[in-house]
>>> print(open('start.txt').read())   # compact mmCIF, C-alpha atoms
# COMPACT_ATOMS: atom_id res chain seq x y z
CA MET A 1 -113.74 -3.27 20.34
CA ILE A 2 -112.46 -1.20 23.26
CA ALA A 3 -111.61 -4.37 25.12
CA PHE A 4 -109.67 -5.62 22.11
CA ALA A 5 -107.83 -2.30 21.87
CA ARG A 6 -106.89 -2.63 25.54
CA TRP A 7 -105.55 -6.10 24.94
CA CYS A 8 -103.63 -4.78 21.96
CA ILE A 9 -102.03 -2.13 24.17
CA LEU A 10 -101.20 -4.75 26.79
CA LEU A 11 -99.75 -6.94 24.04
CA TRP A 12 -97.67 -4.06 22.82
CA ILE A 13 -96.30 -3.30 26.29
CA VAL A 14 -95.47 -6.95 26.86
CA PHE A 15 -93.92 -7.14 23.42
CA VAL A 16 -91.68 -4.17 24.20
CA LEU A 17 -90.75 -5.72 27.52
CA GLN A 18 -90.01 -9.04 25.89
CA ILE A 19 -87.64 -7.61 23.31
CA ARG A 20 -85.98 -5.26 25.77
CA MET A 21 -85.81 -7.45 28.88
CA PRO A 22 -82.28 -8.76 29.45
CA LEU A 23 -82.97 -12.42 30.10
CA PRO A 24 -80.52 -15.30 30.08
CA LEU A 25 -80.47 -17.47 27.00
CA TRP A 26 -81.73 -20.48 28.91
CA PHE A 27 -84.80 -18.69 30.24
CA ARG A 28 -86.75 -16.82 27.60
CA PRO A 29 -90.44 -17.20 28.31
CA ALA A 30 -92.79 -16.08 25.54
CA PHE A 31 -94.62 -13.32 27.39
CA VAL A 32 -96.45 -12.33 24.23
CA LEU A 33 -97.86 -15.83 24.01
CA LEU A 34 -99.17 -15.58 27.56
CA VAL A 35 -101.10 -12.43 26.70
CA ILE A 36 -102.48 -14.13 23.61
CA PHE A 37 -103.41 -17.20 25.65
CA PHE A 38 -105.37 -15.34 28.31
CA HIS A 39 -107.02 -13.17 25.72
CA ALA A 40 -108.12 -16.20 23.74
CA LEU A 41 -109.30 -17.87 26.92
CA ARG A 42 -111.66 -15.02 27.47
CA PHE A 43 -112.74 -14.02 23.98
CA GLY A 44 -112.60 -17.20 21.96
CA GLU A 45 -110.81 -18.68 19.00
CA THR A 46 -111.30 -16.00 16.34
CA LYS A 47 -110.20 -13.12 18.51
CA GLY A 48 -107.41 -15.27 19.91
CA LEU A 49 -106.24 -15.92 16.37
CA LEU A 50 -106.48 -12.24 15.50
CA LEU A 51 -104.50 -11.03 18.50
CA GLY A 52 -102.02 -13.86 18.01
CA ALA A 53 -101.54 -12.84 14.38
CA LEU A 54 -101.03 -9.21 15.41
CA GLY A 55 -98.54 -10.14 18.12
CA GLY A 56 -96.77 -12.44 15.68
CA LEU A 57 -96.67 -9.68 13.08
CA ALA A 58 -94.99 -7.37 15.56
CA LEU A 59 -92.44 -10.06 16.39
CA ASP A 60 -91.88 -10.77 12.69
CA VAL A 61 -91.38 -7.11 11.92
CA PHE A 62 -88.70 -6.89 14.57
CA SER A 63 -87.01 -10.09 13.58
CA ALA A 64 -84.53 -10.29 10.75
CA GLY A 65 -86.40 -13.06 8.98
CA MET A 66 -89.38 -13.04 6.71
CA ILE A 67 -92.84 -11.93 7.70
CA GLY A 68 -95.08 -14.84 8.61
CA PRO A 69 -93.59 -17.49 10.89
CA GLN A 70 -94.40 -15.71 14.13
CA MET A 71 -97.76 -14.63 12.77
CA LEU A 72 -98.56 -18.21 11.89
CA SER A 73 -97.35 -19.74 15.14
CA LYS A 74 -98.89 -17.13 17.39
CA GLY A 75 -102.13 -17.12 15.40
CA VAL A 76 -102.47 -20.87 15.70
CA ALA A 77 -101.47 -20.72 19.36
CA GLY A 78 -104.12 -18.05 19.91
CA TYR A 79 -106.71 -20.22 18.23
CA VAL A 80 -105.91 -23.36 20.21
CA SER A 81 -105.57 -21.39 23.45
CA ALA A 82 -109.30 -20.79 23.38
CA TRP A 83 -110.01 -24.37 22.43
CA LEU A 84 -107.62 -26.33 24.66
CA PRO A 85 -109.16 -25.56 28.08
CA ARG A 86 -112.42 -27.09 26.91
CA LEU A 87 -110.67 -30.43 26.92
CA PHE A 88 -110.61 -30.32 30.68
CA TYR A 89 -113.62 -30.83 32.86
CA ARG A 90 -112.51 -28.27 35.44
CA ARG A 91 -110.41 -25.19 35.07
CA THR A 92 -107.68 -25.16 37.69
CA PRO A 93 -104.21 -23.64 37.82
CA VAL A 94 -102.79 -27.01 36.84
CA THR A 95 -105.02 -27.45 33.81
CA LEU A 96 -104.42 -23.87 32.75
CA THR A 97 -100.68 -24.38 33.04
CA ALA A 98 -100.99 -27.55 31.00
CA CYS A 99 -102.89 -25.60 28.34
CA ILE A 100 -100.21 -22.92 28.31
CA ALA A 101 -97.58 -25.61 27.95
CA LEU A 102 -99.44 -27.11 25.01
CA ALA A 103 -99.94 -23.73 23.35
CA ALA A 104 -96.27 -22.93 23.85
CA LEU A 105 -95.32 -26.33 22.48
CA ILE A 106 -97.41 -25.73 19.35
CA ASP A 107 -96.01 -22.22 18.98
CA CYS A 108 -92.39 -23.34 19.36
CA SER A 109 -92.85 -26.38 17.15
CA ILE A 110 -94.25 -24.32 14.31
CA LEU A 111 -91.47 -21.77 14.64
CA GLN A 112 -88.80 -24.42 14.81
CA THR A 113 -90.22 -26.15 11.77
CA VAL A 114 -90.45 -22.97 9.72
CA PHE A 115 -87.15 -21.48 10.77
CA THR A 116 -84.97 -24.50 10.57
CA ALA A 117 -86.97 -26.47 7.99
CA PHE A 118 -85.79 -29.69 9.64
CA SER A 119 -82.15 -28.72 9.17
CA LEU A 120 -81.44 -29.16 12.87
CA SER A 121 -81.05 -32.55 14.45
CA TRP A 122 -84.12 -33.75 16.31
CA THR A 123 -82.27 -33.69 19.61
CA ILE A 124 -81.28 -30.04 19.36
CA ALA A 125 -84.68 -29.01 17.97
CA ALA A 126 -86.49 -30.86 20.75
CA ARG A 127 -84.22 -29.35 23.38
CA ASP A 128 -84.90 -25.82 22.11
CA VAL A 129 -88.62 -26.38 21.84
CA LEU A 130 -88.90 -27.99 25.26
CA GLY A 131 -86.71 -25.32 26.85
CA LEU A 132 -88.87 -22.48 25.53
CA THR A 133 -92.03 -24.37 26.41
CA ALA A 134 -90.84 -25.01 29.95
CA ALA A 135 -89.86 -21.36 30.49
CA THR A 136 -93.20 -20.11 29.18
CA SER A 137 -95.11 -22.69 31.24
CA ALA A 138 -93.21 -21.74 34.39
CA VAL A 139 -94.16 -18.10 34.07
CA GLY A 140 -97.62 -19.09 32.81
CA ALA A 141 -98.22 -21.12 35.96
CA ILE A 142 -98.06 -17.94 38.04
CA PHE A 143 -100.59 -16.19 35.82
CA SER A 144 -102.77 -19.31 35.73
CA TYR A 145 -102.95 -19.28 39.49
CA MET A 146 -103.79 -15.59 39.54
CA SER A 147 -106.43 -16.06 36.87
CA TRP A 148 -107.95 -19.01 38.68
CA GLN A 149 -108.08 -17.05 41.94
CA ARG A 150 -109.79 -14.19 40.17
CA GLU A 151 -112.35 -16.48 38.61
CA SER A 152 -112.97 -18.17 41.95
CA ARG A 153 -113.61 -14.83 43.58
CA ALA A 154 -115.94 -13.84 40.75
CA ASP A 155 -117.86 -17.11 41.10
CA ALA A 156 -118.16 -16.67 44.85
CA MET B 1 -122.62 -25.37 14.70
CA ARG B 2 -122.37 -22.54 12.22
CA ALA B 3 -120.13 -20.65 14.60
CA VAL B 4 -117.78 -23.60 14.82
CA THR B 5 -117.70 -23.90 11.06
CA ARG B 6 -117.04 -20.21 10.73
CA ARG B 7 -114.18 -20.38 13.23
CA ARG B 8 -112.64 -23.32 11.42
CA ALA B 9 -112.99 -21.49 8.15
CA VAL B 10 -111.21 -18.48 9.62
CA LEU B 11 -108.41 -20.73 10.86
CA ALA B 12 -108.12 -22.48 7.53
CA ALA B 13 -108.04 -19.15 5.68
CA PHE B 14 -105.42 -17.89 8.05
CA LEU B 15 -103.26 -20.96 7.58
CA VAL B 16 -103.52 -20.81 3.83
CA GLY B 17 -102.82 -17.10 3.85
CA MET B 18 -99.73 -17.56 5.95
CA ILE B 19 -98.40 -20.37 3.86
CA VAL B 20 -98.91 -18.38 0.67
CA LEU B 21 -97.27 -15.35 2.22
CA MET B 22 -94.22 -17.23 3.38
CA THR B 23 -93.91 -19.22 0.17
CA ARG B 24 -93.97 -16.04 -1.90
CA GLN B 25 -91.34 -14.44 0.28
CA SER B 26 -89.04 -17.45 0.06
CA ARG B 27 -89.46 -17.62 -3.72
CA THR B 28 -88.78 -13.95 -4.34
CA GLY B 29 -86.02 -13.91 -1.80
CA ALA B 30 -87.59 -10.95 -0.03
CA GLY B 31 -86.44 -12.17 3.29
CA GLY B 32 -86.06 -9.48 5.89
CA ALA B 33 -88.82 -7.51 7.41
CA GLY B 34 -88.89 -4.07 5.95
CA SER B 35 -86.68 -5.09 3.06
CA GLY B 36 -89.16 -3.96 0.50
CA GLY B 37 -90.08 -7.36 -0.90
CA ASP B 38 -93.73 -8.23 -1.29
CA GLY B 39 -94.82 -4.79 -0.21
CA PHE B 40 -93.50 -5.33 3.27
CA GLY B 41 -91.36 -2.28 2.89
CA VAL B 42 -94.40 -0.62 4.36
CA PHE B 43 -93.03 -1.71 7.73
CA SER B 44 -89.79 0.18 7.26
CA PRO B 45 -91.07 3.55 8.45
CA LEU B 46 -92.90 1.84 11.31
CA MET B 47 -89.77 -0.02 12.33
CA SER B 48 -87.69 3.10 12.01
CA ALA B 49 -90.15 5.03 14.16
CA ILE B 50 -90.31 2.31 16.79
CA ASN B 51 -86.57 1.90 16.76
CA TYR B 52 -86.18 5.64 17.07
CA VAL B 53 -88.44 5.69 20.13
CA PHE B 54 -86.78 2.61 21.62
CA ASP B 55 -83.29 3.82 20.92
CA GLY B 56 -84.11 7.28 22.26
CA THR B 57 -85.57 5.78 25.41
CA GLY B 58 -82.68 3.37 25.59
CA ASP B 59 -80.16 6.18 25.15
CA LEU B 60 -81.89 8.22 27.81
CA MET B 61 -81.88 5.26 30.16
CA ASN B 62 -78.28 4.46 29.32
CA ASP B 63 -77.29 8.09 29.87
CA TYR B 64 -79.15 8.15 33.16
CA LEU B 65 -77.58 4.88 34.25
CA ALA B 66 -74.19 6.17 33.13
CA VAL B 67 -74.66 9.34 35.19
CA VAL B 68 -75.79 7.33 38.19
CA GLY B 69 -72.87 4.96 37.65
CA THR B 70 -70.43 7.83 37.27
CA ASN B 71 -71.71 9.46 40.45
CA ARG B 72 -71.36 6.21 42.33
CA GLU B 73 -67.90 5.67 40.87
CA ASN B 74 -66.99 9.25 41.72
CA ARG B 75 -68.05 8.75 45.31
CA GLU B 76 -66.10 5.52 45.52
CA LEU B 77 -63.01 7.14 44.00
CA ARG B 78 -63.26 10.10 46.38
CA SER B 79 -63.56 7.73 49.28
CA ARG B 80 -60.57 5.73 48.07
CA LEU B 81 -58.57 8.89 47.51
CA ALA B 82 -59.35 10.09 51.04
CA LYS B 83 -58.30 6.71 52.36
CA ILE B 84 -55.07 6.77 50.37
CA GLU B 85 -54.34 10.32 51.51
CA LEU B 86 -54.91 9.24 55.08
CA GLU B 87 -52.60 6.26 54.58
CA GLN B 88 -50.02 8.53 52.97
CA LEU B 89 -50.25 10.88 55.95
CA GLY B 90 -49.76 7.86 58.17
CA TYR B 91 -46.70 6.82 56.16
CA GLY B 92 -45.34 10.38 56.30
CA GLU B 93 -45.91 10.40 60.04
CA MET B 94 -44.20 7.05 60.39
CA THR B 95 -41.26 8.22 58.31
CA ALA B 96 -40.89 11.36 60.43
CA GLN B 97 -41.13 9.33 63.61
CA ASN B 98 -38.59 6.90 62.24
CA ARG B 99 -36.21 9.80 61.56
CA ARG B 100 -36.69 11.19 65.07
CA LEU B 101 -36.18 7.81 66.67
CA ARG B 102 -33.01 7.27 64.67
CA LEU B 103 -31.64 10.56 65.97
CA LEU B 104 -32.68 9.55 69.47
CA LEU B 105 -30.95 6.22 68.98
CA ASP B 106 -27.80 8.00 67.81
CA MET B 107 -27.89 10.05 70.99
CA LYS B 108 -28.53 6.96 73.07
CA GLU B 109 -25.46 5.30 71.61
CA LYS B 110 -23.36 8.27 72.71
CA LEU B 111 -24.41 7.83 76.33
CA SER B 112 -22.66 5.45 78.66
CA CYS B 113 -25.61 4.95 81.01
CA PRO B 114 -28.86 3.02 80.62
CA THR B 115 -31.68 5.02 79.12
CA THR B 116 -35.31 4.54 78.27
CA ALA B 117 -37.29 6.16 75.50
CA ALA B 118 -40.67 7.70 76.23
CA GLU B 119 -43.37 9.33 74.21
CA VAL B 120 -44.68 12.77 75.00
CA ILE B 121 -48.39 12.51 75.73
CA GLY B 122 -49.13 16.01 76.87
CA GLY B 123 -47.91 19.54 77.20
CA SER B 124 -48.28 22.06 79.89
CA PRO B 125 -51.89 23.01 80.62
CA ALA B 126 -50.78 26.46 81.78
CA GLY B 127 -49.19 28.78 79.25
CA TRP B 128 -46.55 30.22 81.52
CA SER B 129 -45.30 26.86 82.71
CA ARG B 130 -43.11 24.92 80.30
CA THR B 131 -43.55 21.27 81.11
CA ILE B 132 -44.36 18.09 79.26
CA THR B 133 -45.89 14.79 80.32
CA MET B 134 -44.53 11.49 79.05
CA ASP B 135 -45.97 8.01 78.96
CA LYS B 136 -43.55 6.31 81.35
CA GLY B 137 -43.39 6.53 85.10
CA SER B 138 -42.10 4.87 88.26
CA ALA B 139 -43.21 1.48 86.94
CA ASP B 140 -40.58 1.88 84.23
CA GLY B 141 -37.86 2.87 86.68
CA LEU B 142 -38.25 6.62 86.37
CA ALA B 143 -37.63 8.89 89.35
CA VAL B 144 -37.60 12.58 90.16
CA ASN B 145 -34.62 14.63 88.93
CA MET B 146 -33.67 12.21 86.21
CA ALA B 147 -32.35 14.08 83.16
CA VAL B 148 -34.39 14.01 79.99
CA MET B 149 -32.87 14.42 76.56
CA GLY B 150 -34.04 14.86 73.05
CA SER B 151 -32.22 13.83 69.90
CA LYS B 152 -30.22 17.06 69.81
CA GLY B 153 -29.63 17.85 73.42
CA LEU B 154 -30.92 18.46 76.91
CA ILE B 155 -34.63 18.93 77.44
CA GLY B 156 -35.13 19.06 81.20
CA ARG B 157 -35.59 16.95 84.30
CA ILE B 158 -38.35 14.92 85.80
CA TYR B 159 -40.10 16.77 88.61
CA ALA B 160 -43.13 14.55 89.26
CA VAL B 161 -43.62 10.84 88.74
CA ALA B 162 -46.73 8.67 88.66
CA SER B 163 -46.70 4.94 88.05
CA HIS B 164 -47.18 5.24 84.29
CA SER B 165 -46.41 8.85 83.54
CA ALA B 166 -43.98 11.53 84.51
CA LYS B 167 -43.77 15.29 84.24
CA VAL B 168 -40.71 17.02 82.92
CA LEU B 169 -39.66 20.55 83.76
CA LEU B 170 -38.15 21.90 80.59
CA ILE B 171 -34.91 23.87 80.68
CA VAL B 172 -36.76 26.77 79.09
CA ASP B 173 -39.13 27.05 82.07
CA SER B 174 -38.54 30.18 84.13
CA LYS B 175 -38.10 28.04 87.27
CA SER B 176 -35.38 25.97 85.65
CA SER B 177 -31.65 26.46 85.97
CA VAL B 178 -28.86 24.32 84.59
CA SER B 179 -25.14 24.34 85.27
CA VAL B 180 -23.48 24.67 81.88
CA ARG B 181 -19.99 24.93 80.50
CA PHE B 182 -18.58 26.42 77.32
CA ARG B 183 -17.16 23.59 75.33
CA LYS B 184 -14.36 25.74 73.90
CA SER B 185 -13.28 27.86 76.86
CA ARG B 186 -14.40 25.42 79.59
CA ALA B 187 -15.82 28.34 81.52
CA ASP B 188 -18.77 27.55 83.77
CA ALA B 189 -22.09 29.34 83.77
CA VAL B 190 -25.64 28.93 84.97
CA MET B 191 -28.39 28.89 82.42
CA ARG B 192 -31.82 30.12 83.50
CA GLY B 193 -35.00 29.42 81.57
CA GLY B 194 -37.50 31.97 80.43
CA MET B 195 -38.78 33.54 77.26
CA THR B 196 -35.14 33.74 76.36
CA CYS B 197 -32.69 31.39 78.04
CA VAL B 198 -29.77 33.26 79.48
CA ALA B 199 -26.40 31.86 80.56
CA GLY B 200 -25.23 34.03 83.45
CA SER B 201 -22.40 34.12 85.97
CA ILE B 202 -19.81 33.91 83.22
CA GLU B 203 -16.53 35.29 84.41
CA ARG B 204 -15.77 38.64 82.96
CA ASP B 205 -12.49 37.69 81.34
CA VAL B 206 -13.90 34.74 79.42
CA GLU B 207 -14.12 35.31 75.73
CA VAL B 208 -17.56 34.40 74.54
CA ASP B 209 -18.33 34.43 70.84
CA ASP B 210 -21.66 33.96 69.13
CA GLY B 211 -22.15 30.29 68.41
CA ASP B 212 -19.99 29.00 71.25
CA GLU B 213 -21.43 25.70 72.31
CA LEU B 214 -22.74 25.09 75.79
CA ILE B 215 -22.85 21.67 77.43
CA THR B 216 -23.92 20.58 80.88
CA SER B 217 -21.16 20.81 83.47
CA GLY B 218 -22.56 18.31 85.99
CA VAL B 219 -21.93 20.73 88.86
CA ASP B 220 -25.62 20.89 89.79
CA GLU B 221 -25.59 17.16 90.47
CA ILE B 222 -28.75 16.73 88.48
CA TYR B 223 -27.59 16.64 84.90
CA PRO B 224 -24.62 14.54 83.87
CA ALA B 225 -21.74 16.45 82.33
CA GLY B 226 -21.28 16.79 78.61
CA ILE B 227 -24.86 16.94 77.33
CA PRO B 228 -25.29 19.52 74.57
CA VAL B 229 -27.60 22.35 75.59
CA GLY B 230 -27.33 25.11 73.02
CA VAL B 231 -25.17 27.89 71.63
CA ALA B 232 -24.29 31.26 73.11
CA HIS B 233 -25.38 34.42 71.46
CA ASN B 234 -25.12 38.10 72.18
CA ALA B 235 -22.69 37.99 75.13
CA ARG B 236 -22.64 41.13 77.29
CA ILE B 237 -21.33 42.51 80.58
CA THR B 238 -23.96 42.57 83.31
CA GLU B 239 -25.05 45.68 85.17
CA SER B 240 -23.02 44.68 88.19
CA ALA B 241 -19.99 44.53 85.92
CA VAL B 242 -18.71 41.49 87.81
CA PHE B 243 -19.92 38.82 85.40
CA GLN B 244 -21.04 38.67 81.85
CA GLU B 245 -24.05 36.89 80.41
CA ALA B 246 -25.15 35.56 77.02
CA ASP B 247 -28.41 34.49 75.48
CA VAL B 248 -28.67 30.79 74.72
CA ILE B 249 -30.26 29.31 71.66
CA THR B 250 -31.14 25.79 72.70
CA HIS B 251 -30.55 22.86 70.40
CA GLU B 252 -34.00 21.42 70.96
CA GLY B 253 -37.11 23.00 69.55
CA PHE B 254 -39.37 22.80 72.56
CA ASN B 255 -42.60 23.24 70.67
CA ARG B 256 -42.31 19.96 68.83
CA ILE B 257 -40.94 17.35 71.18
CA GLU B 258 -42.53 13.96 70.56
CA GLU B 259 -40.08 11.39 71.84
CA VAL B 260 -37.55 11.76 74.64
CA LEU B 261 -34.78 9.78 76.23
CA VAL B 262 -34.63 9.48 80.01
CA LEU B 263 -31.22 8.91 81.59
CA LEU B 264 -31.85 6.30 84.24
CA SER B 265 -28.61 6.58 86.20
CA GLY B 266 -28.42 10.34 86.39
CA ARG B 267 -25.08 11.84 87.23
CA ASP B 268 -23.01 8.72 86.57
CA CYS B 269 -23.69 9.12 82.90
CA THR B 270 -21.06 10.38 80.50
CA VAL B 271 -21.45 11.52 76.97
CA ARG B 272 -19.01 10.28 74.36
>>> encode(input="start.txt", output="structure tokens")
Amino acid sequence: MIAFARWCILLWIVFVLQIRMPLPLWFRPAFVLLVIFFHALRFGETKGLLLGALGGLALDVFSAGMIGPQMLSKGVAGYVSAWLPRLFYRRTPVTLTACIALAALIDCSILQTVFTAFSLSWTIAARDVLGLTAATSAVGAIFSYMSWQRESRADA
Amino acid sequence: MRAVTRRRAVLAAFLVGMIVLMTRQSRTGAGGAGSGGDGFGVFSPLMSAINYVFDGTGDLMNDYLAVVGTNRENRELRSRLAKIELEQLGYGEMTAQNRRLRLLLDMKEKLSCPTTAAEVIGGSPAGWSRTITMDKGSADGLAVNMAVMGSKGLIGRIYAVASHSAKVLLIVDSKSSVSVRFRKSRADAVMRGGMTCVAGSIERDVEVDDGDELITSGVDEIYPAGIPVGVAHNARITESAVFQEADVITHEGFNRIEEVLVLLSGRDCTVR
């Protein structure tokens, strides 16, 4: 419970940073998703879903739209974040980055689907989704490496 | 196995819950967060509180950044102002120099002999001696006893020459004496330097009024004739009662000489 509260605080800090950080339009990594991913990686699907839903709720509250899309996308991303790494035999920075990319892709795809309801052309929708996914994966790669190093040290 | 089932059930419930939530919102048109629809108005106070904190922090940061920015801008402006003031001083200096050089040029045009302009680079190190040092010397054709003029009149004569500098004994030095003549009466006199320049050896019967102009006579064979020196003032009979004398107010202000004109051919020079 305390650990979850700590993650919630971390999520909150990252959330604040994400909405306040002046980033260019072409590079907007989903920092909140990264927190959710690493949390889910450690604590499993249910807790991943829970933290994802909470993070999504915060994002929904601060967005002008309805409550739910971010909750849904982040919740699902949190769930799959715990599940995806099991697809790989070994956990390396590359596989972790691939998992982050997949989680980001799922997150962005859900959001794009809900927000635009297929009103955008496939090209533009794909460009947006892939752009966000790439930005999140790029930042996620750094954290994947750090996480892998930490795990390696722990194993040793 | 049960754990997996439970997890999947949680996911399914979550998905269903989300879909229901969003469908209800889109049907009722309760779009925005905190708009009150579907009981989500509960977020309004939370949002307001968070916004208040964020905006307060943001305002503080903005104020701080503004102060820092203003200080930096202030420093930059001060620096620019100082630079501009310095430039302006430079321009003022250049304008003044230009004016002096023009006057010197006017004087040069009145002279029939070749001249060279020189810049004063030093004054007399000893208080009682009235000399100046200029930046031209024997390498520029200067020699001892050449007359030196300012823009308004006589200044003195060269008494020591180095290759690139020369020293000038000013007419106001106590060791200096100049043969002068009253322009109006044509009477000769000898002007001696000192705290007050005095034109002596004026014949007793010569009428000397205050403001009578004195020019060089050329009799001393150092200074060419006709160079303005100053004006007579306070003429009086001497103690010997043979001659009379008068104080001389020189044309040149000897405390602020910056550029001078050296007469290169000495006595052969005439003033138009």
>>> closest_atom_pairs(input="start.txt", of="chain A", to="chain B", cutoff="12 Å", atoms="all atoms listed in the file", output="Markdown table")
| residue | atom | partner | partner_atom | distance |
| --- | --- | --- | --- | --- |
| A:Trp12 | CA | B:Ile50 | CA | 11.5 |
| A:Val16 | CA | B:Phe54 | CA | 8.8 |
| A:Leu17 | CA | B:Phe54 | CA | 11.0 |
| A:Ile19 | CA | B:Phe54 | CA | 10.4 |
| A:Arg20 | CA | B:Phe54 | CA | 8.9 |
| A:Met21 | CA | B:Gly58 | CA | 11.7 |
| A:Gly44 | CA | B:Arg7 | CA | 9.4 |
| A:Glu45 | CA | B:Arg7 | CA | 6.9 |
| A:Thr46 | CA | B:Arg7 | CA | 6.1 |
| A:Lys47 | CA | B:Arg7 | CA | 9.8 |
| A:Gly48 | CA | B:Leu11 | CA | 10.6 |
| A:Leu49 | CA | B:Leu11 | CA | 7.6 |
| A:Leu50 | CA | B:Phe14 | CA | 9.4 |
| A:Gly52 | CA | B:Phe14 | CA | 11.3 |
| A:Ala53 | CA | B:Phe14 | CA | 9.0 |
| A:Gly56 | CA | B:Met18 | CA | 11.4 |
| A:Leu57 | CA | B:Ala33 | CA | 9.9 |
| A:Ala58 | CA | B:Met47 | CA | 9.6 |
| A:Leu59 | CA | B:Ala33 | CA | 10.0 |
| A:Asp60 | CA | B:Ala33 | CA | 6.9 |
| A:Val61 | CA | B:Ala33 | CA | 5.2 |
| A:Phe62 | CA | B:Ala33 | CA | 7.2 |
| A:Ser63 | CA | B:Ala33 | CA | 6.9 |
| A:Ala64 | CA | B:Gly32 | CA | 5.2 |
| A:Gly65 | CA | B:Gly32 | CA | 4.7 |
| A:Met66 | CA | B:Gly31 | CA | 4.6 |
| A:Ile67 | CA | B:Ala33 | CA | 6.0 |
| A:Gly68 | CA | B:Met22 | CA | 5.8 |
| A:Pro69 | CA | B:Met22 | CA | 7.5 |
| A:Gln70 | CA | B:Met18 | CA | 9.9 |
| A:Met71 | CA | B:Met18 | CA | 7.7 |
| A:Leu72 | CA | B:Met18 | CA | 6.1 |
| A:Ser73 | CA | B:Leu15 | CA | 9.7 |
| A:Lys74 | CA | B:Leu15 | CA | 11.4 |
| A:Gly75 | CA | B:Phe14 | CA | 8.1 |
| A:Val76 | CA | B:Leu11 | CA | 7.7 |
| A:Ala77 | CA | B:Leu11 | CA | 11.0 |
| A:Gly78 | CA | B:Leu11 | CA | 10.4 |
| A:Tyr79 | CA | B:Leu11 | CA | 7.6 |
| A:Val80 | CA | B:Leu11 | CA | 10.0 |
| A:Ala82 | CA | B:Arg7 | CA | 11.3 |
| A:Trp83 | CA | B:Arg7 | CA | 10.9 |
| A:Ile110 | CA | B:Leu15 | CA | 11.7 |
| A:Val114 | CA | B:Met22 | CA | 9.3 |
| A:Phe115 | CA | B:Met22 | CA | 11.1 |
>>> write_last_selection(input="start.txt", atoms="C-alpha atoms", output="compact mmCIF listing (two decimals), keeping the file's coordinate frame")
# COMPACT_ATOMS: atom_id res chain seq x y z
CA TRP A 12 -97.67 -4.06 22.82
CA VAL A 16 -91.68 -4.17 24.20
CA LEU A 17 -90.75 -5.72 27.52
CA ILE A 19 -87.64 -7.61 23.31
CA ARG A 20 -85.98 -5.26 25.77
CA MET A 21 -85.81 -7.45 28.88
CA GLY A 44 -112.60 -17.20 21.96
CA GLU A 45 -110.81 -18.68 19.00
CA THR A 46 -111.30 -16.00 16.34
CA LYS A 47 -110.20 -13.12 18.51
CA GLY A 48 -107.41 -15.27 19.91
CA LEU A 49 -106.24 -15.92 16.37
CA LEU A 50 -106.48 -12.24 15.50
CA GLY A 52 -102.02 -13.86 18.01
CA ALA A 53 -101.54 -12.84 14.38
CA GLY A 56 -96.77 -12.44 15.68
CA LEU A 57 -96.67 -9.68 13.08
CA ALA A 58 -94.99 -7.37 15.56
CA LEU A 59 -92.44 -10.06 16.39
CA ASP A 60 -91.88 -10.77 12.69
CA VAL A 61 -91.38 -7.11 11.92
CA PHE A 62 -88.70 -6.89 14.57
CA SER A 63 -87.01 -10.09 13.58
CA ALA A 64 -84.53 -10.29 10.75
CA GLY A 65 -86.40 -13.06 8.98
CA MET A 66 -89.38 -13.04 6.71
CA ILE A 67 -92.84 -11.93 7.70
CA GLY A 68 -95.08 -14.84 8.61
CA PRO A 69 -93.59 -17.49 10.89
CA GLN A 70 -94.40 -15.71 14.13
CA MET A 71 -97.76 -14.63 12.77
CA LEU A 72 -98.56 -18.21 11.89
CA SER A 73 -97.35 -19.74 15.14
CA LYS A 74 -98.89 -17.13 17.39
CA GLY A 75 -102.13 -17.12 15.40
CA VAL A 76 -102.47 -20.87 15.70
CA ALA A 77 -101.47 -20.72 19.36
CA GLY A 78 -104.12 -18.05 19.91
CA TYR A 79 -106.71 -20.22 18.23
CA VAL A 80 -105.91 -23.36 20.21
CA ALA A 82 -109.30 -20.79 23.38
CA TRP A 83 -110.01 -24.37 22.43
CA ILE A 110 -94.25 -24.32 14.31
CA VAL A 114 -90.45 -22.97 9.72
CA PHE A 115 -87.15 -21.48 10.77
>>> residues_around(input="start.txt", residues="A:Leu96", least_positions_apart="6", cutoff="8 Å", atoms="all atoms listed in the file", output="ChimeraX atom specification")
/A:85,141,144
>>> residues_around(input="start.txt", residues="B:Val178", least_positions_apart="3", cutoff="7 Å", atoms="all atoms listed in the file", output="PyMOL selection string")
chain B and resi 190-192
>>> residues_near_point(input="start.txt", point="(-90.3, -24.3, 32.0)", cutoff="12 Å", atoms="all atoms listed in the file", output="PyMOL selection string")
chain A and resi 26-30+97-98+100-102+104-105+127-142
>>> atom_distance(input="start.txt", atom1="atom CA of B:Asn71", atom2="atom CA of B:Gln88")
25.1 Å
>>> build_atoms(input="start.txt", residues="stretch 180-184 of chain B", atoms="N, CA and C atoms", output="short mmCIF file (atom, residue, chain, number, x, y, z; two decimals), keeping the file's coordinate frame")
data_model
loop_
_atom_site.label_atom_id
_atom_site.label_comp_id
_atom_site.auth_asym_id
_atom_site.auth_seq_id
_atom_site.Cartn_x
_atom_site.Cartn_y
_atom_site.Cartn_z
N VAL B 180 -23.98 24.94 83.23
CA VAL B 180 -23.48 24.67 81.88
C VAL B 180 -22.01 25.06 81.80
N ARG B 181 -21.40 24.63 80.73
CA ARG B 181 -19.99 24.93 80.50
C ARG B 181 -19.79 25.19 79.02
N PHE B 182 -18.91 26.18 78.73
CA PHE B 182 -18.58 26.42 77.32
C PHE B 182 -17.63 25.33 76.86
N ARG B 183 -17.98 24.71 75.79
CA ARG B 183 -17.16 23.59 75.33
C ARG B 183 -15.74 24.06 74.96
N LYS B 184 -15.66 25.26 74.37
CA LYS B 184 -14.36 25.74 73.90
C LYS B 184 -13.52 26.28 75.05
#
